[in-house]
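Q: Let me give you the structure first, and then I'll get to my questions.
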Amino acid sequence: MNIAQTALWGVTYYNPLKSSGGYTLFSPIGISYTSGKGEAWLIDMEGHIVNRWQFPYQCGLYGYLLPNGHIVYAAQSENVHQKYSLPFSFTGFGTEMVEQDWDGNVVRTIPIPRGSHDFLIMPNGNVMYISYGDEKGILPDELAAKWKGGIPAEGKEKLYGDNIYEVDEDGKIVWEWISYEHMDPEIDAMCPLEDRQQWHMNTLFRCRDGNILVSPRHLNEFFKMEYPSGKIIARYGRGRIFHQHDCKELDNGNFLVFDNGSHRHNYGAPYSRVVEIDPNTDEEVWEYKAEVPSDFYSSLMAGANRMPNGNTVICDSCSNSRIFEVTYEGELVWEYIVPLRVKQMEISIDNFNLIFRAPRYPSDYPGFKGKDLDPARFPWENQMYGPAAFKKSFVPRIF
């Protein structure tokens, strides 16, 4: 990525003839300097802010919209790592699942202790979430000794696996999945370049058949878990995807996954890509990567979603928090650089604008029905962060 790209903010490019259109949601991981709260922002294709939610707590990682126009997100009401004396390598950020309506009113709050990267609202209203650093997830010594991969680390003898819980409206556990009880110590070997301390999972996605896609980052694979039995019924991408995020089922039945590319098995510069996989064959049927592959590399987080017109909207978390849209042929048709700066609660870093995912919703999404999407409702926000606040051209200075 050249200096011109990194110097721009807001919408830097937009081709309305080829873009899918719609509204993009993002939640910077941290507390806003202006409000002192966690926030989520919904923007139109030109970068106007059309809705803004302020959260009672810092947003753990991300939020998404329900078909009724409510937003749900994992809230971080306390410093989880300090509370449980966990190293930051045990990544997870949620303590409660919070639902707020279009106007920001809290509808419900459900405890999700040690909540990690992702959660699902189940059809019955229960919440399924990933839990990390959980004592139930400590592998028995005999099993840990058999588990392949990872770098042994002195003083870190215990090996943790993330767990998955389903809780009801009161936070009572009604179903649990202890990962190591269903996984295989040889097939599900850890990345050989990661500390042999924890594998963490970063995605839950409920497929149309009711089964769950799960993405364990350090195992370089994602799998389908039969629900409610918990049996792993298929594995995908092993040996071809590396430290991946955000696996999901598409309308055509294929799976889309963000292949971060960390510790990729080659000697070239690291790069990321988005891959579509046929679940019947585990073969790749589509991919997007940059023309110069290393120009697009998000070592952490990130995600993608397929739009109705076949375009793909991609969240590049590490390249200055860049969200962009490409056609099926790989042509860039929209790009947005998140202009917000926040303070992260668990990482003492200022001027921080990381985003975990950035879902795009079509203009006819049911959650927008009857909602006011007029940017005029947010005059000062658009003055500070809307399209009029940023230049669309850049001439580099020559020194």
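Identifiers for the structure tokens are assigned positionally: chains receive A, B, ... in sequence, residues are indexed from 1 per chain, and ligands are indexed from 1 in the order shown.
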Can you list, as an MDAnalysis selection string, every protein, DNA or RNA residue that comes within 8 Å of Leu300 (chain A) when you count only C-alpha atoms, leaving out same-chain residues fewer than 6 positions away?

A: chainID A and resid 260 317:318

Q: Please, could you write that set of residues out with C-alpha atoms as a PDB file, in the first residue's frame?

A:
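Result file is part30.pdb:
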ATOM      1  CA  ASN A 260      -5.237 -13.970   7.014  1.00  0.00           C
ATOM      2  CA  SER A 317      -8.350  -4.731   9.976  1.00  0.00           C
ATOM      3  CA  CYS A 318      -4.625  -4.041  10.021  1.00  0.00           C
TER       4      CYS A 318
END

Q: Neighbours of region 266-277 of chain A within 6 Å (only C-alpha atoms; same-chain residues fewer than 3 positions away dropped), as number ranges by chain?

A: A: 254-261, 282-289, 293-294, 296-297

Q: Do you know which residues are at most 7 Å from Pro216 (chain A) counting only C-alpha atoms, after dropping those on the same chain fewer than 6 positions away, and could you put them as a VMD selection string?

A: chain A and resid 199 to 202 222

Q: Could you check the closest approach to Ile112 (chain A) for each of A:Gly171, A:Gly149, A:Gly161, A:Pro67 and tell me which residue wins, using only C-alpha atoms?

A: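 Nearest candidate to Ile112 (chain A) out of A:Gly171, A:Gly149, A:Gly161, A:Pro67: A:Gly171.
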
Q: Determine the nearest neighbour of His70 (chain A) from the options A:Ser131, A:Asn51, A:Thr281, A:Ser116, counting only C-alpha atoms.

A: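 Residue with the minimum atom-to-atom distance to His70 (chain A): A:Asn51.
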
Q: What is the distance, in Å and to one decimal place, between CA of Gly150 (chain A) and CA of Lys224 (chain A)?

A: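 Interatomic distance, CA of Gly150 (chain A) to CA of Lys224 (chain A): 23.2 Å.
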
Q: Would you pick out the contacts of region 228-236 of chain A at 9 Å or less, using only C-alpha atoms, so that residues sharing its chain but fewer than 5 positions from it are not included, and give the list as a PyMOL selection string?

A: chain A and resi 175-179+182-183+210-211+221-223+241+277+279+282-283

Q: Set the distance at 6 Å and use only C-alpha atoms: which residues neighbour region 12-20 of chain A once local chain neighbours fewer than 5 positions away are removed? I'd like the list as a list in words.

A: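 Counting only the stated atoms, we get Val333, Trp334, Glu335, Tyr336 and Lys392 of chain A.
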
Q: What would the file look like if the residues just selected were written as a CSV table (one decimal), in the first residue's frame with N, CA and C atoms?

A:
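Contents of part_37.csv, as written:
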chain,number,residue,atom,x,y,z
A,333,VAL,N,-14.2,-1.3,-6.2
A,333,VAL,CA,-15.3,-0.4,-6.6
A,333,VAL,C,-15.7,0.5,-5.4
A,334,TRP,N,-15.2,0.3,-4.3
A,334,TRP,CA,-15.4,1.2,-3.1
A,334,TRP,C,-14.4,0.9,-2.1
A,335,GLU,N,-14.0,2.0,-1.4
A,335,GLU,CA,-13.0,1.9,-0.3
A,335,GLU,C,-13.3,3.0,0.7
A,336,TYR,N,-13.1,2.6,2.0
A,336,TYR,CA,-13.3,3.5,3.1
A,336,TYR,C,-12.3,3.2,4.2
A,392,LYS,N,-10.3,14.1,-1.1
A,392,LYS,CA,-10.4,12.8,-1.9
A,392,LYS,C,-9.1,12.7,-2.8

Q: Can you list, as an MDAnalysis selection string, every protein, DNA or RNA residue that comes within 10 Å of Arg322 (chain A) when you count only C-alpha atoms, leaving out same-chain residues fewer than 3 positions away?

A: chainID A and resid 5:6 9:11 298 302 314:319 335:339 354:355 358

Q: Using only C-alpha atoms, tabulate the residues of region 161-243 of chain A lying at most 8 Å from any atom of region 119-126 of chain A, each with its closest atom pair and that distance in Å to one decimal, by chain and increasing residue number, as a tab-separated table.

A:
residue	atom	partner	partner_atom	distance
A:Glu166	CA	A:Asn126	CA	6.6
A:Val167	CA	A:Asn126	CA	5.7
A:Asp168	CA	A:Asn126	CA	4.7
A:Glu169	CA	A:Asn126	CA	6.2
A:Thr203	CA	A:Phe119	CA	7.8
A:Leu204	CA	A:Phe119	CA	6.2
A:Phe205	CA	A:Leu120	CA	7.2
A:Arg206	CA	A:Leu120	CA	7.6

Q: Rounded to one decimal in Å, what is the spacing between CA of Leu213 (chain A) and CA of Ile164 (chain A)?

A: 11.9 Å

Q: Write out as a list of chain:residue names each polymer residue whose atoms come within 12 Å of Pro140 (chain A), counting only C-alpha atoms; drop sequence neighbours fewer than 2 positions from it.

A: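 Near Pro140 (chain A), the qualifying residues are A:Glu135, A:Lys136, A:Gly137, A:Ile138, A:Glu142, A:Leu143, A:Ala144, A:Ala145, A:Lys146, A:Trp147, A:Glu157, A:Lys158, A:Leu159, A:Tyr160, A:Gly161, A:Tyr180, A:Glu181.
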
Q: Which residue, A:Lys369, A:Met301, A:Ile43, A:Asn320, has the smallest gap to Leu8 (chain A) when you use only C-alpha atoms?

A: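 For Leu8 (chain A), the nearest of the given residues is A:Asn320.
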
Q: List every residue of region 124-192 of chain A that DSSP, applied to the backbone, labels as strand (DSSP E or B), and write the result as a list in words.

A: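 Taking region 124-192 of chain A and keeping strand (DSSP E or B) only, one gets Val127, Met128, Tyr129, Ile130, Ser131, Ile138, Ile151, Tyr160, Gly161, Asn163, Ile164, Tyr165, Glu166, Val167, Ile173, Val174, Trp175, Glu176, Trp177 and Ile178 of chain A.
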
Q: Counting only C-alpha atoms, which of A:Asn309, A:Gln383, A:Gln100, A:Gln197 gets nearest to Pro152 (chain A)?

A: A:Gln197
